[in-house]
Amino acid sequence: MTVLQLRGVNRVHGAGDNAVNALIDTDLQVAAGELVAIMGPSGSGKSTLLNLAGGLDAPSSGEVLVEGTVLASLNKKQLARLRRRSVGYVFQDYNLVPSLTAAENAALPLELDGISAGKARGQALAALEEVGLDAKQADRFPDELSGGQSQRVAIARALIGERRLVLADEPTGALDSTTGEEVLKLLRRRCDAGAAGLLVTHDARHAGWADRVVFLRDGRVVDSSAPLPGAETLLEGAQ
Amino acid sequence: MSVKHSLLALLERGPAYGYQLRSAFESATGNTWPLNIGQVYTTLNRLERDRMVEALPENESGQRPYRITDAGRRQLAGWFASPVQAADRPRDELTIKLALAVTTPGVDVADVIQRQRTATLRLLQEYTRLKAAEDHAELAWLLVLESMIFRAEAEVRWLDHTEAVVARTDLPAPSPFAAHVDQPETEILRENR
């Protein structure tokens, strides 16, 4: 099932002679269970694409659909609700609220949605357990967590409740190589469990965890790679 | 790749005969480099000649195990102690291809780079998939797999870099070969006739 869909999306910043085409005629689909990586040089439109996918920005033309709903058809309040209920974000710098514990951070979207604190905490503990954090770690504050643990909390928060779309902007940028890989592995596992993931990265090794890698250059999708069948045959070439 | 040193390293675990050495080598490297059994025996013979291994009496099944000697151990220690030289690695076809791409008229260098990057990324995806499937794999095999992952990553980074450099540069039209280098005048005259 398609969770995120972009249809003929264009995003133009400015007007007239100063117009910049940040994204041109872009089509993209991300299904449940799929992790798609976006790569490209800086200024190629990666962040624009992510912002459009999350409803933080609106296309100049074309449509963005999240779980079948055209974002442009929603009023401000409805859009805010859809973002709260359907879309989760993971950023390079975690963006956890420092005065809240890990569990409270993870529960935040549910509480904003009016779910009782007790129920939200229960769900938060379950979400944290899914990303490998126990009850003791759940009661720690962000400054008592390592970078890798913080990013786990961010992923738990992104996918808590019914949310199935996770948008990750360089989630491993602040982590060392092995910790970054653990985070990617976790994101991969959450997608295998049914989430749809869109990952912006400049790191090819991390893009390797994706089902598809989409390249952007100057606002256009220049290529998209799907994995080849039959991994066993690949090693023959490595001699 | 040094079959000689690989066999010495395996024999350091204890005496073994040809087929055991081959399967131990392949399991350590995840079947990445299939080893010919003939190659194993030729190498063992040569190592025996150089007194780095010694043959033990045949067992009941007629297999002859070999044992590493002190000379073999010294050789092995020297191998582990010295870095692999750049010259020991094969020439890189991709580097040569791109060097020629930027100097060949009419080649779309950006396109060459993009195609290669897509192919390398696919490879990277597959290696990563293999790695994800082998959560409890042997350390040696994991290490081989990760080496291929990092190499593919380096290639993608180099391609990204090359793409940026090429985009910034006005590629000059490559100069044609000089018509008469080191050619005696008489020959040119003859050709023109």
# chains A, B, ... in the order shown; residues from 1 in each chain; ligands from 1
>>> select_by_dssp(residues="range 18-129 of chain B", states="strand (DSSP E or B)", output="list in words")
Val53, Glu54, Ala55, Tyr66, Arg67 and Ile68 of chain B
>>> write_last_selection(atoms="N, CA and C atoms", output="PDB file, in the first residue's frame")
ATOM      1  N   VAL B  53      56.665 -25.622   4.903  1.00  0.00           N
ATOM      2  CA  VAL B  53      55.767 -26.629   5.476  1.00  0.00           C
ATOM      3  C   VAL B  53      56.456 -27.978   5.337  1.00  0.00           C
ATOM      4  N   GLU B  54      55.992 -28.960   6.128  1.00  0.00           N
ATOM      5  CA  GLU B  54      56.504 -30.316   5.921  1.00  0.00           C
ATOM      6  C   GLU B  54      55.338 -31.289   5.847  1.00  0.00           C
ATOM      7  N   ALA B  55      55.514 -32.283   4.961  1.00  0.00           N
ATOM      8  CA  ALA B  55      54.464 -33.279   4.776  1.00  0.00           C
ATOM      9  C   ALA B  55      54.516 -34.279   5.920  1.00  0.00           C
ATOM     10  N   TYR B  66      49.768 -31.533   6.070  1.00  0.00           N
ATOM     11  CA  TYR B  66      50.990 -30.720   6.096  1.00  0.00           C
ATOM     12  C   TYR B  66      51.036 -29.942   7.406  1.00  0.00           C
ATOM     13  N   ARG B  67      52.291 -29.650   7.818  1.00  0.00           N
ATOM     14  CA  ARG B  67      52.472 -28.899   9.052  1.00  0.00           C
ATOM     15  C   ARG B  67      53.372 -27.704   8.763  1.00  0.00           C
ATOM     16  N   ILE B  68      53.074 -26.569   9.366  1.00  0.00           N
ATOM     17  CA  ILE B  68      53.907 -25.369   9.147  1.00  0.00           C
ATOM     18  C   ILE B  68      55.229 -25.537   9.904  1.00  0.00           C
TER      19      ILE B  68
END
>>> residues_around(residues="range 60-76 of chain A", least_positions_apart="3", cutoff="6 Å", atoms="only C-alpha atoms", output="number ranges by chain")
A: 3-11, 79
>>> write_last_selection(atoms="N, CA and C atoms", output="mmCIF file, in the first residue's frame")
data_model
loop_
_atom_site.group_PDB
_atom_site.id
_atom_site.type_symbol
_atom_site.label_atom_id
_atom_site.label_comp_id
_atom_site.auth_asym_id
_atom_site.auth_seq_id
_atom_site.Cartn_x
_atom_site.Cartn_y
_atom_site.Cartn_z
ATOM 1 N N VAL A 3 2.037 4.729 0.907
ATOM 2 C CA VAL A 3 1.848 5.628 2.047
ATOM 3 C C VAL A 3 2.127 7.072 1.625
ATOM 4 N N LEU A 4 3.161 7.241 0.819
ATOM 5 C CA LEU A 4 3.508 8.583 0.339
ATOM 6 C C LEU A 4 3.547 8.590 -1.185
ATOM 7 N N GLN A 5 2.932 9.601 -1.756
ATOM 8 C CA GLN A 5 2.959 9.697 -3.210
ATOM 9 C C GLN A 5 3.157 11.149 -3.639
ATOM 10 N N LEU A 6 4.098 11.378 -4.556
ATOM 11 C CA LEU A 6 4.270 12.688 -5.177
ATOM 12 C C LEU A 6 3.931 12.527 -6.649
ATOM 13 N N ARG A 7 3.032 13.389 -7.135
ATOM 14 C CA ARG A 7 2.622 13.302 -8.540
ATOM 15 C C ARG A 7 2.953 14.594 -9.260
ATOM 16 N N GLY A 8 3.879 14.535 -10.168
ATOM 17 C CA GLY A 8 4.233 15.690 -10.991
ATOM 18 C C GLY A 8 4.517 16.936 -10.178
ATOM 19 N N VAL A 9 5.267 16.770 -9.109
ATOM 20 C CA VAL A 9 5.471 17.889 -8.189
ATOM 21 C C VAL A 9 6.556 18.857 -8.680
ATOM 22 N N ASN A 10 6.211 20.135 -8.673
ATOM 23 C CA ASN A 10 7.168 21.205 -8.934
ATOM 24 C C ASN A 10 7.184 22.137 -7.737
ATOM 25 N N ARG A 11 8.358 22.648 -7.428
ATOM 26 C CA ARG A 11 8.430 23.668 -6.383
ATOM 27 C C ARG A 11 9.340 24.770 -6.875
ATOM 28 N N LEU A 79 -4.422 19.687 8.237
ATOM 29 C CA LEU A 79 -3.052 19.349 7.856
ATOM 30 C C LEU A 79 -2.196 19.091 9.101
#
>>> interface_residues(of="chain B", to="chain A", cutoff="12 Å", atoms="only C-alpha atoms", output="PyMOL selection string")
chain B and resi 1+29-35+89-90+110-111+113-133+135+144-161+163-164+167
>>> write_last_selection(atoms="C-alpha atoms", output="short mmCIF file (atom, residue, chain, number, x, y, z; two decimals), in the first residue's frame")
data_model
loop_
_atom_site.label_atom_id
_atom_site.label_comp_id
_atom_site.auth_asym_id
_atom_site.auth_seq_id
_atom_site.Cartn_x
_atom_site.Cartn_y
_atom_site.Cartn_z
CA MET B 1 45.94 -12.41 -3.42
CA THR B 29 36.27 -15.54 3.23
CA GLY B 30 32.63 -16.40 2.62
CA ASN B 31 33.34 -18.15 -0.68
CA THR B 32 34.36 -14.80 -2.12
CA TRP B 33 37.49 -16.18 -3.68
CA PRO B 34 36.95 -19.76 -4.76
CA LEU B 35 40.21 -21.66 -4.53
CA ARG B 89 46.50 -4.39 -6.41
CA PRO B 90 45.07 -4.82 -9.87
CA ALA B 110 28.23 12.94 -16.42
CA ASP B 111 26.28 10.07 -17.91
CA ILE B 113 29.48 8.68 -13.89
CA GLN B 114 25.76 8.38 -13.23
CA ARG B 115 25.53 4.89 -14.72
CA GLN B 116 28.47 3.72 -12.71
CA ARG B 117 27.12 5.23 -9.53
CA THR B 118 23.78 3.50 -9.99
CA ALA B 119 25.52 0.17 -10.59
CA THR B 120 27.81 0.59 -7.59
CA LEU B 121 24.91 1.59 -5.38
CA ARG B 122 23.00 -1.49 -6.42
CA LEU B 123 25.98 -3.54 -5.44
CA LEU B 124 26.11 -1.70 -2.14
CA GLN B 125 22.43 -2.43 -1.54
CA GLU B 126 23.01 -6.11 -2.20
CA TYR B 127 26.07 -6.32 0.04
CA THR B 128 24.08 -4.58 2.75
CA ARG B 129 21.24 -7.03 2.28
CA LEU B 130 23.65 -9.95 2.61
CA LYS B 131 25.07 -8.38 5.71
CA ALA B 132 21.63 -7.80 7.23
CA ALA B 133 20.78 -11.45 6.60
CA ASP B 135 23.39 -11.26 11.80
CA VAL B 144 35.18 -9.47 3.94
CA LEU B 145 31.64 -8.23 3.31
CA GLU B 146 32.28 -4.93 5.05
CA SER B 147 35.46 -4.44 3.09
CA MET B 148 33.43 -4.66 -0.10
CA ILE B 149 30.81 -2.30 1.34
CA PHE B 150 33.42 0.32 2.24
CA ARG B 151 35.12 -0.04 -1.12
CA ALA B 152 31.83 0.50 -2.93
CA GLU B 153 31.15 3.50 -0.71
CA ALA B 154 34.55 4.96 -1.52
CA GLU B 155 33.87 4.49 -5.20
CA VAL B 156 30.56 6.35 -4.93
CA ARG B 157 32.25 9.19 -3.05
CA TRP B 158 34.96 9.39 -5.65
CA LEU B 159 32.32 9.45 -8.41
CA ASP B 160 30.45 12.25 -6.59
CA HIS B 161 33.69 14.18 -6.34
CA GLU B 163 31.13 14.67 -11.07
CA ALA B 164 31.48 17.95 -9.18
CA ALA B 167 30.78 20.06 -13.73
#
>>> closest_residue(among="A:Leu56, A:Asp27, A:Gly197, A:Thr101", to="Leu145 in chain A", atoms="only C-alpha atoms")
A:Thr101
>>> atom_distance(atom1="CA of Thr169 in chain B", atom2="CA of Asp108 in chain B")
13.6 Å
>>> residues_around(residues="range 126-130 of chain A", least_positions_apart="2", cutoff="10 Å", atoms="only C-alpha atoms", output="list in words")
Ala102, Ala103, Ala106, Ala107, Ala120, Arg121, Gly122, Gln123, Ala124, Gly132, Leu133, Asp134, Ala135, Gln137, Ala138, Arg152, Val153, Ala154, Ile155, Ala156, Arg157, Ala158, Leu159, Ile160, Gly161, Leu186, Arg189 and Arg190 of chain A
>>> atom_distance(atom1="CA of Gly72 in chain B", atom2="CA of Leu47 in chain B")
8.1 Å
>>> closest_residue(among="A:Asp218, A:Glu182, A:Asp113, A:Asp93", to="Asp169 in chain A", atoms="only C-alpha atoms")
A:Asp93
>>> atom_distance(atom1="CA of Val221 in chain A", atom2="CA of Gly180 in chain A")
26.2 Å
>>> closest_residue(among="A:Val97, A:Gly88, A:Cys191, A:Gly118", to="Pro142 in chain A", atoms="only C-alpha atoms")
A:Val97
>>> select_by_dssp(residues="range 8-189 of chain B", states="alpha helix (DSSP H)", output="JSON, numbers by chain")
{"B": [8, 9, 10, 11, 18, 19, 20, 21, 22, 23, 24, 25, 26, 27, 28, 37, 38, 39, 40, 41, 42, 43, 44, 45, 46, 47, 48, 49, 70, 71, 72, 73, 74, 75, 76, 77, 78, 79, 80, 81, 93, 94, 95, 96, 97, 98, 99, 100, 101, 109, 110, 111, 112, 113, 114, 115, 116, 117, 118, 119, 120, 121, 122, 123, 124, 125, 126, 127, 128, 129, 130, 131, 132, 133, 139, 140, 141, 142, 143, 144, 145, 146, 147, 148, 149, 150, 151, 152, 153, 154, 155, 156, 157, 158, 159, 160, 161, 162, 163, 164, 165, 166, 167, 168, 185, 186, 187, 188, 189]}
>>> write_last_selection(atoms="C-alpha atoms", output="mmCIF file, in the first residue's frame")
data_model
loop_
_atom_site.group_PDB
_atom_site.id
_atom_site.type_symbol
_atom_site.label_atom_id
_atom_site.label_comp_id
_atom_site.auth_asym_id
_atom_site.auth_seq_id
_atom_site.Cartn_x
_atom_site.Cartn_y
_atom_site.Cartn_z
ATOM 1 C CA LEU B 8 50.457 -20.702 5.916
ATOM 2 C CA ALA B 9 47.943 -18.771 8.009
ATOM 3 C CA LEU B 10 45.517 -21.693 7.960
ATOM 4 C CA LEU B 11 48.239 -24.204 8.831
ATOM 5 C CA GLY B 18 44.552 -29.959 0.856
ATOM 6 C CA TYR B 19 40.784 -30.277 0.877
ATOM 7 C CA GLN B 20 40.586 -29.116 4.501
ATOM 8 C CA LEU B 21 42.695 -26.072 3.642
ATOM 9 C CA ARG B 22 40.513 -25.199 0.715
ATOM 10 C CA SER B 23 37.258 -25.407 2.634
ATOM 11 C CA ALA B 24 38.724 -23.518 5.618
ATOM 12 C CA PHE B 25 39.877 -20.748 3.285
ATOM 13 C CA GLU B 26 36.506 -20.497 1.604
ATOM 14 C CA SER B 27 34.554 -20.471 4.836
ATOM 15 C CA ALA B 28 36.819 -17.751 6.258
ATOM 16 C CA ILE B 37 42.250 -27.541 -5.401
ATOM 17 C CA GLY B 38 45.052 -27.884 -7.945
ATOM 18 C CA GLN B 39 46.255 -24.451 -6.913
ATOM 19 C CA VAL B 40 46.283 -25.595 -3.294
ATOM 20 C CA TYR B 41 48.452 -28.645 -4.045
ATOM 21 C CA THR B 42 50.871 -26.756 -6.300
ATOM 22 C CA THR B 43 51.304 -24.135 -3.597
ATOM 23 C CA LEU B 44 51.788 -26.787 -0.898
ATOM 24 C CA ASN B 45 54.489 -28.459 -3.038
ATOM 25 C CA ARG B 46 56.266 -25.178 -3.480
ATOM 26 C CA LEU B 47 56.019 -24.401 0.229
ATOM 27 C CA GLU B 48 57.425 -27.861 0.996
ATOM 28 C CA ARG B 49 60.296 -27.291 -1.415
ATOM 29 C CA ASP B 70 59.500 -22.364 11.871
ATOM 30 C CA ALA B 71 60.600 -20.905 8.534
ATOM 31 C CA GLY B 72 56.949 -20.846 7.475
ATOM 32 C CA ARG B 73 56.015 -19.097 10.689
ATOM 33 C CA ARG B 74 58.635 -16.422 10.092
ATOM 34 C CA GLN B 75 57.353 -15.925 6.553
ATOM 35 C CA LEU B 76 53.778 -15.594 7.854
ATOM 36 C CA ALA B 77 54.757 -13.113 10.559
ATOM 37 C CA GLY B 78 56.522 -11.029 7.911
ATOM 38 C CA TRP B 79 53.386 -11.051 5.750
ATOM 39 C CA PHE B 80 51.138 -9.832 8.560
ATOM 40 C CA ALA B 81 53.732 -7.224 9.518
ATOM 41 C CA GLU B 93 39.360 -0.323 -14.940
ATOM 42 C CA LEU B 94 36.943 2.364 -13.776
ATOM 43 C CA THR B 95 39.716 4.901 -13.162
ATOM 44 C CA ILE B 96 41.112 4.234 -16.607
ATOM 45 C CA LYS B 97 37.667 4.459 -18.167
ATOM 46 C CA LEU B 98 36.964 7.866 -16.614
ATOM 47 C CA ALA B 99 40.421 9.188 -17.435
ATOM 48 C CA LEU B 100 39.714 8.280 -21.042
ATOM 49 C CA ALA B 101 36.129 9.592 -20.857
ATOM 50 C CA VAL B 109 31.100 12.141 -18.782
ATOM 51 C CA ALA B 110 28.226 12.938 -16.417
ATOM 52 C CA ASP B 111 26.280 10.069 -17.911
ATOM 53 C CA VAL B 112 29.178 7.643 -17.536
ATOM 54 C CA ILE B 113 29.483 8.677 -13.886
ATOM 55 C CA GLN B 114 25.760 8.379 -13.230
ATOM 56 C CA ARG B 115 25.532 4.891 -14.722
ATOM 57 C CA GLN B 116 28.475 3.721 -12.714
ATOM 58 C CA ARG B 117 27.124 5.226 -9.527
ATOM 59 C CA THR B 118 23.783 3.496 -9.985
ATOM 60 C CA ALA B 119 25.516 0.174 -10.586
ATOM 61 C CA THR B 120 27.814 0.595 -7.594
ATOM 62 C CA LEU B 121 24.908 1.593 -5.375
ATOM 63 C CA ARG B 122 22.998 -1.487 -6.425
ATOM 64 C CA LEU B 123 25.981 -3.541 -5.439
ATOM 65 C CA LEU B 124 26.111 -1.696 -2.144
ATOM 66 C CA GLN B 125 22.431 -2.427 -1.543
ATOM 67 C CA GLU B 126 23.007 -6.107 -2.196
ATOM 68 C CA TYR B 127 26.069 -6.323 0.036
ATOM 69 C CA THR B 128 24.078 -4.582 2.751
ATOM 70 C CA ARG B 129 21.242 -7.033 2.281
ATOM 71 C CA LEU B 130 23.654 -9.953 2.606
ATOM 72 C CA LYS B 131 25.073 -8.384 5.712
ATOM 73 C CA ALA B 132 21.635 -7.802 7.230
ATOM 74 C CA ALA B 133 20.781 -11.453 6.603
ATOM 75 C CA LEU B 139 33.619 -12.505 11.981
ATOM 76 C CA ALA B 140 35.963 -13.258 9.077
ATOM 77 C CA TRP B 141 33.125 -13.338 6.559
ATOM 78 C CA LEU B 142 31.574 -10.176 7.979
ATOM 79 C CA LEU B 143 34.921 -8.481 7.605
ATOM 80 C CA VAL B 144 35.175 -9.471 3.941
ATOM 81 C CA LEU B 145 31.643 -8.235 3.308
ATOM 82 C CA GLU B 146 32.284 -4.931 5.045
ATOM 83 C CA SER B 147 35.465 -4.442 3.094
ATOM 84 C CA MET B 148 33.425 -4.660 -0.097
ATOM 85 C CA ILE B 149 30.811 -2.302 1.339
ATOM 86 C CA PHE B 150 33.417 0.320 2.242
ATOM 87 C CA ARG B 151 35.121 -0.040 -1.117
ATOM 88 C CA ALA B 152 31.828 0.501 -2.927
ATOM 89 C CA GLU B 153 31.149 3.496 -0.712
ATOM 90 C CA ALA B 154 34.552 4.960 -1.516
ATOM 91 C CA GLU B 155 33.868 4.489 -5.203
ATOM 92 C CA VAL B 156 30.559 6.353 -4.927
ATOM 93 C CA ARG B 157 32.246 9.188 -3.047
ATOM 94 C CA TRP B 158 34.959 9.390 -5.654
ATOM 95 C CA LEU B 159 32.323 9.446 -8.414
ATOM 96 C CA ASP B 160 30.453 12.251 -6.592
ATOM 97 C CA HIS B 161 33.693 14.180 -6.345
ATOM 98 C CA THR B 162 34.599 13.590 -9.978
ATOM 99 C CA GLU B 163 31.133 14.666 -11.065
ATOM 100 C CA ALA B 164 31.479 17.945 -9.177
ATOM 101 C CA VAL B 165 34.960 18.594 -10.567
ATOM 102 C CA VAL B 166 33.843 17.827 -14.126
ATOM 103 C CA ALA B 167 30.781 20.060 -13.734
ATOM 104 C CA ARG B 168 33.021 22.960 -12.664
ATOM 105 C CA GLU B 185 60.729 13.140 -43.507
ATOM 106 C CA THR B 186 61.298 10.767 -46.352
ATOM 107 C CA GLU B 187 58.513 8.498 -45.144
ATOM 108 C CA ILE B 188 56.047 11.387 -44.963
ATOM 109 C CA LEU B 189 56.991 12.360 -48.479
#
